[in-house]
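Coordinates from final.pdb are shown below (PDB, C-alpha atoms and all ligand atoms).
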```pdb
ATOM      1  CA  MET A 583      25.029   5.229   7.276  1.00  0.00           C
ATOM      2  CA  GLU A 584      22.886   6.237  10.253  1.00  0.00           C
ATOM      3  CA  LEU A 585      19.919   4.108  11.134  1.00  0.00           C
ATOM      4  CA  ASN A 586      17.125   6.361   9.844  1.00  0.00           C
ATOM      5  CA  ASN A 587      19.055   7.030   6.640  1.00  0.00           C
ATOM      6  CA  TYR A 588      18.152   3.498   5.590  1.00  0.00           C
ATOM      7  CA  GLY A 589      14.534   4.637   5.445  1.00  0.00           C
ATOM      8  CA  LEU A 590      15.562   7.440   3.106  1.00  0.00           C
ATOM      9  CA  ALA A 591      17.628   5.053   0.997  1.00  0.00           C
ATOM     10  CA  ARG A 592      14.565   2.802   0.692  1.00  0.00           C
ATOM     11  CA  ALA A 593      12.320   5.666  -0.381  1.00  0.00           C
ATOM     12  CA  ARG A 594      14.895   6.630  -3.001  1.00  0.00           C
ATOM     13  CA  MET A 595      15.128   3.021  -4.199  1.00  0.00           C
ATOM     14  CA  VAL A 596      11.362   3.023  -4.782  1.00  0.00           C
ATOM     15  CA  ARG A 597      11.397   6.391  -6.534  1.00  0.00           C
ATOM     16  CA  GLU A 598      14.457   5.853  -8.722  1.00  0.00           C
ATOM     17  CA  GLN A 599      14.625   2.110  -9.389  1.00  0.00           C
ATOM     18  CA  LEU A 600      11.084   0.770  -9.117  1.00  0.00           C
ATOM     19  CA  GLU A 601       8.479   3.340 -10.151  1.00  0.00           C
ATOM     20  CA  PRO A 602      10.211   4.447 -13.384  1.00  0.00           C
ATOM     21  CA  ARG A 603      10.455   0.784 -14.479  1.00  0.00           C
ATOM     22  CA  GLY A 604       6.771   0.061 -14.076  1.00  0.00           C
ATOM     23  CA  ILE A 605       6.321  -1.079 -10.485  1.00  0.00           C
ATOM     24  CA  ILE A 606       2.974   0.605  -9.902  1.00  0.00           C
ATOM     25  CA  ASN A 607       1.121  -1.750  -7.543  1.00  0.00           C
ATOM     26  CA  GLN A 608       0.745   0.333  -4.375  1.00  0.00           C
ATOM     27  CA  ARG A 609       0.830  -2.657  -2.034  1.00  0.00           C
ATOM     28  CA  VAL A 610       4.088  -3.844  -3.612  1.00  0.00           C
ATOM     29  CA  ILE A 611       5.560  -0.344  -3.363  1.00  0.00           C
ATOM     30  CA  GLU A 612       4.587  -0.114   0.315  1.00  0.00           C
ATOM     31  CA  ALA A 613       6.150  -3.497   1.057  1.00  0.00           C
ATOM     32  CA  MET A 614       9.388  -2.540  -0.727  1.00  0.00           C
ATOM     33  CA  ASP A 615       9.387   0.759   1.165  1.00  0.00           C
ATOM     34  CA  ASP A 616       8.843  -1.047   4.434  1.00  0.00           C
ATOM     35  CA  VAL A 617      11.043  -4.172   4.541  1.00  0.00           C
ATOM     36  CA  PRO A 618      14.552  -3.378   5.903  1.00  0.00           C
ATOM     37  CA  ARG A 619      16.608  -4.999   3.118  1.00  0.00           C
ATOM     38  CA  HIS A 620      19.877  -4.014   4.854  1.00  0.00           C
ATOM     39  CA  LEU A 621      19.099  -6.385   7.741  1.00  0.00           C
ATOM     40  CA  PHE A 622      19.155  -9.372   5.368  1.00  0.00           C
ATOM     41  CA  VAL A 623      22.780  -8.871   4.276  1.00  0.00           C
ATOM     42  CA  GLU A 624      25.986  -9.056   6.274  1.00  0.00           C
ATOM     43  CA  ASP A 625      27.105  -5.948   8.165  1.00  0.00           C
ATOM     44  CA  ALA A 626      29.873  -5.015   5.725  1.00  0.00           C
ATOM     45  CA  LEU A 627      27.363  -4.848   2.837  1.00  0.00           C
ATOM     46  CA  GLN A 628      24.568  -2.992   4.608  1.00  0.00           C
ATOM     47  CA  ASN A 629      25.411   0.386   3.119  1.00  0.00           C
ATOM     48  CA  GLN A 630      25.063  -1.136  -0.382  1.00  0.00           C
ATOM     49  CA  ALA A 631      21.771  -2.875   0.343  1.00  0.00           C
ATOM     50  CA  TYR A 632      19.615  -0.332  -1.513  1.00  0.00           C
ATOM     51  CA  GLY A 633      21.795  -0.171  -4.626  1.00  0.00           C
ATOM     52  CA  ASP A 634      20.469  -1.162  -8.050  1.00  0.00           C
ATOM     53  CA  PHE A 635      22.232  -4.553  -8.108  1.00  0.00           C
ATOM     54  CA  PRO A 636      22.246  -8.033  -6.546  1.00  0.00           C
ATOM     55  CA  LEU A 637      24.521  -8.718  -3.554  1.00  0.00           C
ATOM     56  CA  PRO A 638      26.291 -11.849  -2.321  1.00  0.00           C
ATOM     57  CA  ILE A 639      24.686 -13.623   0.662  1.00  0.00           C
ATOM     58  CA  GLY A 640      27.267 -16.392   1.135  1.00  0.00           C
ATOM     59  CA  GLU A 641      27.564 -19.951  -0.237  1.00  0.00           C
ATOM     60  CA  GLY A 642      27.927 -18.514  -3.755  1.00  0.00           C
ATOM     61  CA  GLN A 643      24.303 -17.284  -3.698  1.00  0.00           C
ATOM     62  CA  THR A 644      22.853 -13.797  -4.178  1.00  0.00           C
ATOM     63  CA  ILE A 645      19.952 -11.612  -3.096  1.00  0.00           C
ATOM     64  CA  SER A 646      18.263 -10.295  -6.257  1.00  0.00           C
ATOM     65  CA  GLN A 647      18.363  -6.663  -7.341  1.00  0.00           C
ATOM     66  CA  PRO A 648      15.437  -4.713  -5.742  1.00  0.00           C
ATOM     67  CA  TYR A 649      13.724  -4.224  -9.130  1.00  0.00           C
ATOM     68  CA  ILE A 650      13.647  -7.965  -9.819  1.00  0.00           C
ATOM     69  CA  VAL A 651      12.203  -8.685  -6.355  1.00  0.00           C
ATOM     70  CA  ALA A 652       9.499  -6.066  -6.973  1.00  0.00           C
ATOM     71  CA  LEU A 653       8.792  -7.265 -10.530  1.00  0.00           C
ATOM     72  CA  MET A 654       8.347 -10.900  -9.467  1.00  0.00           C
ATOM     73  CA  THR A 655       6.204  -9.871  -6.510  1.00  0.00           C
ATOM     74  CA  GLN A 656       4.006  -7.590  -8.603  1.00  0.00           C
ATOM     75  CA  ALA A 657       3.488 -10.360 -11.155  1.00  0.00           C
ATOM     76  CA  LEU A 658       1.822 -12.539  -8.494  1.00  0.00           C
ATOM     77  CA  GLU A 659      -0.966  -9.934  -8.027  1.00  0.00           C
ATOM     78  CA  LEU A 660      -1.416 -10.836  -4.352  1.00  0.00           C
ATOM     79  CA  LYS A 661      -4.526  -9.520  -2.627  1.00  0.00           C
ATOM     80  CA  GLY A 662      -3.798 -10.619   0.942  1.00  0.00           C
ATOM     81  CA  HIS A 663      -5.609 -13.947   1.453  1.00  0.00           C
ATOM     82  CA  GLU A 664      -3.138 -16.167  -0.435  1.00  0.00           C
ATOM     83  CA  LYS A 665      -0.981 -19.074   0.580  1.00  0.00           C
ATOM     84  CA  VAL A 666       2.372 -18.631  -1.190  1.00  0.00           C
ATOM     85  CA  LEU A 667       5.212 -21.101  -1.762  1.00  0.00           C
ATOM     86  CA  GLU A 668       8.714 -19.739  -2.359  1.00  0.00           C
ATOM     87  CA  ILE A 669      11.591 -21.917  -3.535  1.00  0.00           C
ATOM     88  CA  GLY A 670      15.033 -20.545  -2.626  1.00  0.00           C
ATOM     89  CA  THR A 671      14.788 -18.741   0.744  1.00  0.00           C
ATOM     90  CA  GLY A 672      18.352 -17.428   0.487  1.00  0.00           C
ATOM     91  CA  CYS A 673      18.679 -14.563   2.967  1.00  0.00           C
ATOM     92  CA  GLY A 674      14.891 -14.368   3.352  1.00  0.00           C
ATOM     93  CA  TYR A 675      14.374 -10.889   1.905  1.00  0.00           C
ATOM     94  CA  GLN A 676      11.957 -11.957  -0.820  1.00  0.00           C
ATOM     95  CA  SER A 677      10.014 -14.064   1.710  1.00  0.00           C
ATOM     96  CA  ALA A 678       9.648 -11.016   3.982  1.00  0.00           C
ATOM     97  CA  VAL A 679       8.325  -8.890   1.097  1.00  0.00           C
ATOM     98  CA  LEU A 680       5.809 -11.616   0.180  1.00  0.00           C
ATOM     99  CA  ALA A 681       4.788 -12.027   3.815  1.00  0.00           C
ATOM    100  CA  ARG A 682       3.531  -8.415   3.898  1.00  0.00           C
ATOM    101  CA  LEU A 683       1.241  -9.104   0.949  1.00  0.00           C
ATOM    102  CA  CYS A 684      -0.343 -12.490   1.580  1.00  0.00           C
ATOM    103  CA  ASP A 685      -1.665 -14.675   4.388  1.00  0.00           C
ATOM    104  CA  LYS A 686       1.190 -17.149   4.738  1.00  0.00           C
ATOM    105  CA  VAL A 687       4.547 -17.884   3.093  1.00  0.00           C
ATOM    106  CA  TYR A 688       6.071 -21.365   2.921  1.00  0.00           C
ATOM    107  CA  THR A 689       9.703 -21.142   1.862  1.00  0.00           C
ATOM    108  CA  VAL A 690      12.228 -23.885   1.096  1.00  0.00           C
ATOM    109  CA  GLU A 691      16.039 -23.593   0.970  1.00  0.00           C
ATOM    110  CA  ARG A 692      18.524 -26.384   0.200  1.00  0.00           C
ATOM    111  CA  ILE A 693      21.551 -24.839   1.975  1.00  0.00           C
ATOM    112  CA  LYS A 694      21.415 -25.249   5.725  1.00  0.00           C
ATOM    113  CA  SER A 695      23.504 -22.227   6.749  1.00  0.00           C
ATOM    114  CA  LEU A 696      21.315 -19.865   4.670  1.00  0.00           C
ATOM    115  CA  HIS A 697      18.144 -21.397   6.092  1.00  0.00           C
ATOM    116  CA  ILE A 698      19.387 -20.899   9.656  1.00  0.00           C
ATOM    117  CA  LYS A 699      20.410 -17.287   9.064  1.00  0.00           C
ATOM    118  CA  ALA A 700      17.114 -16.466   7.337  1.00  0.00           C
ATOM    119  CA  ARG A 701      15.129 -18.001  10.169  1.00  0.00           C
ATOM    120  CA  ARG A 702      17.021 -15.867  12.657  1.00  0.00           C
ATOM    121  CA  THR A 703      16.194 -12.736  10.653  1.00  0.00           C
ATOM    122  CA  PHE A 704      12.501 -13.712  10.429  1.00  0.00           C
ATOM    123  CA  ASP A 705      12.445 -14.051  14.230  1.00  0.00           C
ATOM    124  CA  ARG A 706      14.225 -10.751  14.733  1.00  0.00           C
ATOM    125  CA  LEU A 707      11.802  -8.913  12.439  1.00  0.00           C
ATOM    126  CA  LYS A 708       8.789 -10.788  13.834  1.00  0.00           C
ATOM    127  CA  CYS A 709       7.752 -12.210  10.477  1.00  0.00           C
ATOM    128  CA  LEU A 710       5.221 -14.519  12.085  1.00  0.00           C
ATOM    129  CA  ASN A 711       3.553 -15.725   8.878  1.00  0.00           C
ATOM    130  CA  ILE A 712       6.643 -17.312   7.310  1.00  0.00           C
ATOM    131  CA  VAL A 713       7.459 -20.984   7.746  1.00  0.00           C
ATOM    132  CA  CYS A 714      10.683 -22.354   6.347  1.00  0.00           C
ATOM    133  CA  LYS A 715      12.454 -25.659   5.922  1.00  0.00           C
ATOM    134  CA  ILE A 716      15.608 -27.186   4.455  1.00  0.00           C
ATOM    135  CA  ASP A 717      14.843 -29.417   1.483  1.00  0.00           C
ATOM    136  CA  ASP A 718      14.962 -29.807  -2.283  1.00  0.00           C
ATOM    137  CA  GLY A 719      12.381 -27.221  -3.292  1.00  0.00           C
ATOM    138  CA  THR A 720      12.042 -28.573  -6.841  1.00  0.00           C
ATOM    139  CA  LEU A 721       9.679 -31.065  -5.196  1.00  0.00           C
ATOM    140  CA  GLY A 722       7.654 -28.236  -3.650  1.00  0.00           C
ATOM    141  CA  TRP A 723       6.142 -28.651  -0.176  1.00  0.00           C
ATOM    142  CA  PRO A 724       3.262 -31.059  -0.818  1.00  0.00           C
ATOM    143  CA  GLU A 725       1.979 -31.126   2.776  1.00  0.00           C
ATOM    144  CA  TYR A 726       0.552 -27.600   2.630  1.00  0.00           C
ATOM    145  CA  GLY A 727      -0.420 -27.356  -1.042  1.00  0.00           C
ATOM    146  CA  PRO A 728      -2.105 -26.350  -3.211  1.00  0.00           C
ATOM    147  CA  TYR A 729      -0.654 -22.827  -3.245  1.00  0.00           C
ATOM    148  CA  ASP A 730      -2.390 -19.782  -4.718  1.00  0.00           C
ATOM    149  CA  ALA A 731       0.985 -18.514  -5.869  1.00  0.00           C
ATOM    150  CA  ILE A 732       4.473 -19.996  -6.233  1.00  0.00           C
ATOM    151  CA  MET A 733       7.720 -18.083  -6.724  1.00  0.00           C
ATOM    152  CA  VAL A 734      11.008 -19.742  -7.619  1.00  0.00           C
ATOM    153  CA  THR A 735      14.033 -17.495  -7.035  1.00  0.00           C
ATOM    154  CA  ALA A 736      16.624 -19.757  -8.681  1.00  0.00           C
ATOM    155  CA  ALA A 737      16.756 -20.713 -12.369  1.00  0.00           C
ATOM    156  CA  GLY A 738      15.993 -24.200 -13.668  1.00  0.00           C
ATOM    157  CA  PRO A 739      16.200 -25.934 -17.040  1.00  0.00           C
ATOM    158  CA  HIS A 740      12.380 -26.359 -17.071  1.00  0.00           C
ATOM    159  CA  ILE A 741       9.334 -25.847 -14.852  1.00  0.00           C
ATOM    160  CA  PRO A 742       9.348 -28.572 -12.151  1.00  0.00           C
ATOM    161  CA  GLU A 743       6.281 -30.813 -12.570  1.00  0.00           C
ATOM    162  CA  SER A 744       5.785 -30.978  -8.778  1.00  0.00           C
ATOM    163  CA  LEU A 745       5.340 -27.224  -8.623  1.00  0.00           C
ATOM    164  CA  LEU A 746       2.695 -27.249 -11.358  1.00  0.00           C
ATOM    165  CA  ASP A 747       0.895 -30.029  -9.457  1.00  0.00           C
ATOM    166  CA  GLN A 748       0.959 -28.013  -6.223  1.00  0.00           C
ATOM    167  CA  LEU A 749      -0.275 -24.824  -7.886  1.00  0.00           C
ATOM    168  CA  ALA A 750      -3.929 -24.042  -7.083  1.00  0.00           C
ATOM    169  CA  ASP A 751      -6.487 -23.447  -9.841  1.00  0.00           C
ATOM    170  CA  PRO A 752      -6.598 -20.526 -10.400  1.00  0.00           C
ATOM    171  CA  GLY A 753      -2.979 -19.963  -9.518  1.00  0.00           C
ATOM    172  CA  ARG A 754       0.157 -18.250 -10.688  1.00  0.00           C
ATOM    173  CA  LEU A 755       3.811 -19.340 -10.738  1.00  0.00           C
ATOM    174  CA  ILE A 756       6.861 -17.155 -11.415  1.00  0.00           C
ATOM    175  CA  ILE A 757      10.100 -18.905 -12.371  1.00  0.00           C
ATOM    176  CA  PRO A 758      13.256 -18.143 -14.368  1.00  0.00           C
ATOM    177  CA  VAL A 759      13.814 -20.894 -16.957  1.00  0.00           C
ATOM    178  CA  GLY A 760      16.710 -21.246 -19.364  1.00  0.00           C
ATOM    179  CA  ASP A 761      20.364 -22.259 -19.319  1.00  0.00           C
ATOM    180  CA  ARG A 762      22.879 -21.454 -16.606  1.00  0.00           C
ATOM    181  CA  LEU A 763      23.920 -18.139 -18.161  1.00  0.00           C
ATOM    182  CA  GLY A 764      20.610 -16.516 -18.975  1.00  0.00           C
ATOM    183  CA  GLN A 765      16.918 -17.176 -18.574  1.00  0.00           C
ATOM    184  CA  ASP A 766      13.377 -16.044 -19.348  1.00  0.00           C
ATOM    185  CA  LEU A 767      11.432 -14.984 -16.280  1.00  0.00           C
ATOM    186  CA  LEU A 768       8.188 -16.890 -16.889  1.00  0.00           C
ATOM    187  CA  GLU A 769       4.766 -16.029 -15.539  1.00  0.00           C
ATOM    188  CA  VAL A 770       2.802 -19.282 -15.614  1.00  0.00           C
ATOM    189  CA  THR A 771      -0.962 -19.196 -15.104  1.00  0.00           C
ATOM    190  CA  LYS A 772      -3.292 -22.085 -14.303  1.00  0.00           C
ATOM    191  CA  ILE A 773      -6.982 -21.428 -15.010  1.00  0.00           C
ATOM    192  CA  ASP A 774      -9.668 -24.122 -15.387  1.00  0.00           C
ATOM    193  CA  GLY A 775      -6.970 -26.751 -15.712  1.00  0.00           C
ATOM    194  CA  ASN A 776      -5.219 -24.913 -18.559  1.00  0.00           C
ATOM    195  CA  ILE A 777      -1.602 -23.822 -18.221  1.00  0.00           C
ATOM    196  CA  SER A 778      -0.323 -20.808 -20.143  1.00  0.00           C
ATOM    197  CA  GLN A 779       2.942 -18.923 -19.899  1.00  0.00           C
ATOM    198  CA  ARG A 780       4.606 -15.703 -20.997  1.00  0.00           C
ATOM    199  CA  CYS A 781       8.068 -14.238 -20.563  1.00  0.00           C
ATOM    200  CA  ILE A 782       8.086 -11.016 -18.564  1.00  0.00           C
ATOM    201  CA  GLU A 783      11.822 -10.255 -18.543  1.00  0.00           C
ATOM    202  CA  LYS A 784      15.262 -11.572 -19.539  1.00  0.00           C
ATOM    203  CA  VAL A 785      17.132 -12.406 -16.329  1.00  0.00           C
ATOM    204  CA  ARG A 786      20.173 -14.110 -14.861  1.00  0.00           C
ATOM    205  CA  PHE A 787      19.638 -16.096 -11.666  1.00  0.00           C
ATOM    206  CA  VAL A 788      21.703 -18.567  -9.655  1.00  0.00           C
ATOM    207  CA  SER A 789      20.950 -22.212 -10.450  1.00  0.00           C
ATOM    208  CA  LEU A 790      18.034 -24.243  -9.145  1.00  0.00           C
ATOM    209  CA  ILE A 791      19.757 -27.423  -8.026  1.00  0.00           C
ATOM    210  CA  GLY A 792      17.705 -30.531  -7.315  1.00  0.00           C
ATOM    211  CA  SER A 793      15.929 -33.572  -8.647  1.00  0.00           C
ATOM    212  CA  GLN A 794      13.741 -31.460 -10.968  1.00  0.00           C
ATOM    213  CA  GLY A 795      16.416 -28.791 -11.515  1.00  0.00           C
ATOM    214  CA  TRP A 796      20.116 -28.827 -12.447  1.00  0.00           C
ATOM    215  CA  GLY A 797      22.496 -31.499 -11.145  1.00  0.00           C
ATOM    216  CA  ASP A 798      24.859 -30.652  -8.299  1.00  0.00           C
TER     217      ASP A 798
HETATM  218  N1  LIG B   1      14.873 -15.258  -2.504  1.00  0.00           N
HETATM  219  C1  LIG B   1      16.258 -15.195  -2.150  1.00  0.00           C
HETATM  220  C2  LIG B   1      17.144 -15.421  -3.343  1.00  0.00           C
HETATM  221  C3  LIG B   1      18.276 -16.309  -3.005  1.00  0.00           C
HETATM  222  S1  LIG B   1      19.197 -16.941  -4.369  1.00  0.00           S
HETATM  223  C4  LIG B   1      16.609 -13.926  -1.395  1.00  0.00           C
HETATM  224  O1  LIG B   1      15.747 -13.029  -1.278  1.00  0.00           O
HETATM  225  O2  LIG B   1      17.714 -13.847  -0.862  1.00  0.00           O
HETATM  226  C5  LIG B   1      18.394 -18.472  -4.680  1.00  0.00           C
HETATM  227  C6  LIG B   1      18.426 -19.486  -3.594  1.00  0.00           C
HETATM  228  O3  LIG B   1      17.859 -20.691  -4.098  1.00  0.00           O
HETATM  229  C7  LIG B   1      19.810 -19.861  -3.072  1.00  0.00           C
HETATM  230  O4  LIG B   1      19.886 -19.604  -1.709  1.00  0.00           O
HETATM  231  C8  LIG B   1      19.928 -21.354  -3.382  1.00  0.00           C
HETATM  232  O5  LIG B   1      20.630 -22.083  -2.403  1.00  0.00           O
HETATM  233  C9  LIG B   1      18.470 -21.764  -3.430  1.00  0.00           C
HETATM  234  N2  LIG B   1      18.176 -23.017  -4.139  1.00  0.00           N
HETATM  235  C10 LIG B   1      18.727 -23.490  -5.281  1.00  0.00           C
HETATM  236  N3  LIG B   1      18.183 -24.679  -5.608  1.00  0.00           N
HETATM  237  C11 LIG B   1      17.248 -24.970  -4.648  1.00  0.00           C
HETATM  238  C12 LIG B   1      16.352 -26.053  -4.414  1.00  0.00           C
HETATM  239  N4  LIG B   1      16.267 -27.106  -5.237  1.00  0.00           N
HETATM  240  N5  LIG B   1      15.558 -25.994  -3.327  1.00  0.00           N
HETATM  241  C13 LIG B   1      15.627 -24.946  -2.463  1.00  0.00           C
HETATM  242  N6  LIG B   1      16.446 -23.903  -2.630  1.00  0.00           N
HETATM  243  C14 LIG B   1      17.257 -23.897  -3.708  1.00  0.00           C
END
```
The structure given in the file should be rewritten as structure tokens.
Ligand code: SAH
Amino acid sequence: MELNNYGLARARMVREQLEPRGIINQRVIEAMDDVPRHLFVEDALQNQAYGDFPLPIGEGQTISQPYIVALMTQALELKGHEKVLEIGTGCGYQSAVLARLCDKVYTVERIKSLHIKARRTFDRLKCLNIVCKIDDGTLGWPEYGPYDAIMVTAAGPHIPESLLDQLADPGRLIIPVGDRLGQDLLEVTKIDGNISQRCIEKVRFVSLIGSQGWGD
């Protein structure tokens, strides 16, 4: 595909995959229309980057389907001033979408090779408001908390206590929770010290592996 055809593919992705399924937040739509998803996957997969499916990113991990990225992002209702924590950097695509919509993104990845590749892509695309590190993200990133919003892009058996502790009040956390084969995508809200949650979609994510996630 020629270079500027990726822009067309992105516009079509928004029109055919996102808007008809209820992605209506204009800022989210603009971010999805803007971030070059094909630059986050390996060369041989670039021409599939705007398809309606997840893609492998190496190390047995995947970049989520565009709709799921948009749905999770929209659920955070970002206005622009927020500090956001993401667990599971992967290829960095979700971080780059978030970075367009908030003040600063802190993102944690447990696999070194993915972290290094993502950091290279952030540099290349001049994503200056993303900081990333290699660690067990089930413990959050306490140094910079509390976070106005937290997004976990891997599925755990329960909501890690550390993440609830590091969530600001008011604050919102999106996380898939369930067993290894299928999960509920939970939207967890903290207001005046009270935690409530609702399921926004049935999903299937790769596993959240760590001290407050699944075992290795
Ligand atoms: N947001 C990513 C999705 C990557 S898949 C993207 O846009 O590409 C989920 C990622 O979570 C994987 O890269 C996996 O290695 C990572 N992960 C799993 N458990 C983790 C943990 N405890 N801490 C940090 N990252 C974790």
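Put simply, atom CA of A:Leu755 is 28.4 Å away from atom CA of A:Ala593.
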Would you write out, as a ChimeraX atom specification, every residue that the PyMOL selection byres (((chain A and resi 658) around 12) and not hetatm) captures in this file?
/A:607,609-610,651-657,659-662,664-668,680,683-684,729-734,752-757,768-771,782
Which residues come within 8 Å of stretch 704-707 of chain A, counting only C-alpha atoms, excluding same-chain residues fewer than 3 positions away, as a compact mmCIF listing (two decimals) with C-alpha atoms, in the coordinates of the input?
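Everything below was put into part04.txt:
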```txt
# COMPACT_ATOMS: atom_id res chain seq x y z
CA GLY A 674 14.89 -14.37 3.35
CA ALA A 678 9.65 -11.02 3.98
CA ALA A 700 17.11 -16.47 7.34
CA ARG A 701 15.13 -18.00 10.17
CA LEU A 710 5.22 -14.52 12.08
CA ILE A 712 6.64 -17.31 7.31
```
Tell me which residues the PyMOL selection byres (((chain A and resi 646) around 8) and not hetatm) grabs here, as a PyMOL selection string.
chain A and resi 635-637+644-645+647-648+650-651
Counting all atoms listed in the file, the option among A:Thr703, A:Gln608, A:Gln630, A:Thr689 closest to ligand LIG 1 (chain B)
A:Thr689
Box along x, y and z, 8 Å on every side, all listed atoms of ligand LIG 1 (chain B) inside: centre and edge lengths in Å to one decimal, as AutoDock Vina command-line options.
```
--center_x 17.8 --center_y -20.1 --center_z -3.2 --size_x 21.8 --size_y 30.1 --size_z 20.7
```
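Using only C-alpha atoms, the protein and nucleic acid residues lying no more than 8 Å from A:Gln794, apart from those fewer than 5 places from it along its own chain, are Thr720, Leu721, Pro742 and Glu743 of chain A.
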